[in-house]
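Asker: Got a structure for you, written out below as structure tokens; questions coming shortly.
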Amino acid sequence: MTTINERQIKCPFCSNILNIVEVTSFSVAEKDSDFFPHYLGANPMPILVETCPNCKFTEYTANFEDIISDREREKIGRVLKKMKYNPEITPAEKYKNLALCNIARERSSIEIGDCYLKSAWCDRLDENREDEIRALRKAVNYFEIGLKSNEISGTEELVVRYLAGEIYRRIDDNEKALSYWQDLQNELALIEKKDSWLTSWVEAGLKKLKD
């Protein structure tokens with residue numbers, strides 16, 4: 001079940017007071033092949049991230065009031081001036097705003113890619129296929145930057161490589177999907193201690209490409 005709580009928070013950028021609905025707990029029943037979660041109860045994704053209606057600063061609700069350094073403030077300010085906001089802002093747009101704020105804050109490419117992936121999930125919920133594909137393209141672009149920069153290692157790196165392949169499959173670039181998954185399958189075969197679920201998901205992805 002998804003449970004929520006209403007409270008006030010203070011924007012760390014402009015000091016505006018926001019009345020928000022905060023998620024206090026949720027349960028995931030299952031996940032799609034790109035990790036899109038299906039929840040038991042209401043989907044909390046739309047309220048896991050918040051955009052300040054006054055200045056457009058965006059952050060996950062749980063971290064919204066974290067302190068912003070002076071260096072970050074200057075860069076965030078330049079980005080916020082270019083961002084759009086309206087009272088009808090969609091969850092997908094909030095996650096895109098979060099990606100832009102994270103770029104300004106020089107957070108990892110993997111973290112930025114994750115924001116665009118979540119934006120794509122929200123577009124999927126709204127059955128907005130065109131915007132979903134655009135968001136998926138941005139997500140995989142940042143994932144690949146992170147992989148080339150060695151931002152992650154170990155199991156996390158293997159999972160992101162799987163995910164890159166799945167995103168390429170979803171945007172109909174089967175050649176790149178096949179390349180990611182074949183390389184990953186060969187590498188997993190050589191690892192003694194590996195996550196069996198990842199091997200299974202890679203095999204299932206390769207089967208989808210053949211069907």
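In the structure tokens, chains take the letters A, B, ... in the order shown, each chain's residues start at 1, and ligands count up from 1 in the order shown.
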Considering only C-alpha atoms, return as a list in words whatever protein or nucleic-acid residues lie within 12 Å of Ser33 of chain A, sequence-local ones (same chain, fewer than 2 positions apart) excluded.
Answerer: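 Close residues of Ser33 of chain A: Glu30, Lys31, Phe35, Phe36, Pro37, His38, Trp121, Val159, Tyr162, Leu163, Ala164, Gly165, Glu166, Ile167, Arg169, Arg170, Trp197, Leu198, Ser200, Trp201, Val202, Glu203, Ala204, Gly205, Leu206 and Lys208 of chain A.
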Asker: Taking the chain letters and numbering used in this document, name the residues of segment 2-175 of chain A that DSSP puts in helix (DSSP H, G or I), as a PyMOL selection string.
Answerer: chain A and resi 45-47+61-63+70-80+91-104+109-125+129-148+154-170+174-175
Asker: Write out as an MDAnalysis selection string each polymer residue whose atoms come within 12 Å of Ser119 of chain A, counting only C-alpha atoms; drop sequence neighbours fewer than 5 positions from it.
Answerer: chainID A and resid 36 45:46 48:49 90:99 112:114 124:126 128:129 131:139
Asker: Which residue out of A:Ile17, A:Lys56, A:Met1, A:Asp34 has the minimum interatomic distance to Arg161 of chain A when only C-alpha atoms are used?
Answerer: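 Checking each of A:Ile17, A:Lys56, A:Met1, A:Asp34 against Arg161 of chain A, counting only C-alpha atoms, the winner is A:Asp34.
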Asker: Please run DSSP on the backbone and report, as a PyMOL selection string, all residues within segment 45-181 of chain A that come out as strand (DSSP E or B).
Answerer: chain A and resi 49-51+58-60
Asker: Report as JSON, numbers by chain all protein, DNA and RNA residues lying within 12 Å of Val160 of chain A, evaluated on only C-alpha atoms, omitting residues in the same chain fewer than 6 positions from it.
Answerer: {"A": [34, 35, 109, 110, 111, 113, 114, 117, 139, 140, 141, 142, 143, 144, 145, 146, 147, 148, 150, 151, 152, 153, 154, 166, 167, 180, 181, 184, 198, 202]}
Asker: Take the selection from the previous step and output its residues with C-alpha atoms, as a PDB file, in the first residue's frame.
Answerer:
```
ATOM      1  CA  ASP A  34      13.184  -1.537 -17.873  1.00  0.00           C
ATOM      2  CA  PHE A  35      12.489  -1.565 -14.113  1.00  0.00           C
ATOM      3  CA  SER A 109      25.535  11.121 -15.564  1.00  0.00           C
ATOM      4  CA  ILE A 110      23.950   7.912 -14.231  1.00  0.00           C
ATOM      5  CA  GLU A 111      21.818   9.936 -11.809  1.00  0.00           C
ATOM      6  CA  GLY A 113      19.943   9.424 -16.876  1.00  0.00           C
ATOM      7  CA  ASP A 114      17.791   7.947 -14.119  1.00  0.00           C
ATOM      8  CA  LEU A 117      14.155   7.291 -17.391  1.00  0.00           C
ATOM      9  CA  ALA A 139      18.303   8.523 -20.525  1.00  0.00           C
ATOM     10  CA  VAL A 140      20.446   6.100 -22.528  1.00  0.00           C
ATOM     11  CA  ASN A 141      22.690   8.937 -23.696  1.00  0.00           C
ATOM     12  CA  TYR A 142      23.538   9.846 -20.105  1.00  0.00           C
ATOM     13  CA  PHE A 143      23.869   6.191 -19.101  1.00  0.00           C
ATOM     14  CA  GLU A 144      26.439   5.711 -21.841  1.00  0.00           C
ATOM     15  CA  ILE A 145      28.354   8.813 -20.749  1.00  0.00           C
ATOM     16  CA  GLY A 146      28.426   7.409 -17.217  1.00  0.00           C
ATOM     17  CA  LEU A 147      29.584   3.990 -18.427  1.00  0.00           C
ATOM     18  CA  LYS A 148      32.378   5.467 -20.563  1.00  0.00           C
ATOM     19  CA  ASN A 150      33.587   4.654 -15.278  1.00  0.00           C
ATOM     20  CA  GLU A 151      31.228   6.372 -12.841  1.00  0.00           C
ATOM     21  CA  ILE A 152      30.063   2.992 -11.553  1.00  0.00           C
ATOM     22  CA  SER A 153      31.461  -0.498 -11.206  1.00  0.00           C
ATOM     23  CA  GLY A 154      30.556  -4.008 -10.116  1.00  0.00           C
ATOM     24  CA  GLU A 166      16.596  -2.589 -22.913  1.00  0.00           C
ATOM     25  CA  ILE A 167      16.144   1.101 -23.670  1.00  0.00           C
ATOM     26  CA  TYR A 180      24.934  -4.603 -25.259  1.00  0.00           C
ATOM     27  CA  TRP A 181      23.256  -7.863 -24.351  1.00  0.00           C
ATOM     28  CA  LEU A 184      26.943  -8.720 -21.187  1.00  0.00           C
ATOM     29  CA  LEU A 198      20.329 -10.398 -14.320  1.00  0.00           C
ATOM     30  CA  VAL A 202      19.527 -10.633 -20.405  1.00  0.00           C
TER      31      VAL A 202
END
```
Asker: Kindly give the distance, in Å, that separates atom CA of Asp172 of chain A and atom CA of Lys118 of chain A, rounded to a single decimal.
Answerer: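 Separation of atom CA of Asp172 of chain A and atom CA of Lys118 of chain A: 19.0 Å.
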Asker: For Pro44 of chain A, which residue out of A:Thr3, A:Gln8, A:Ser15, A:Thr155 is the nearest one, using only C-alpha atoms?
Answerer: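 Looking at the shortest contact to Pro44 of chain A, the residue is A:Thr3.
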Asker: If I take atom CA of Lys84 of chain A and atom CA of Thr51 of chain A, how far is one from the other in Å, to one decimal?
Answerer: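 Value for the atom CA of Lys84 of chain A-atom CA of Thr51 of chain A distance: 10.7 Å.
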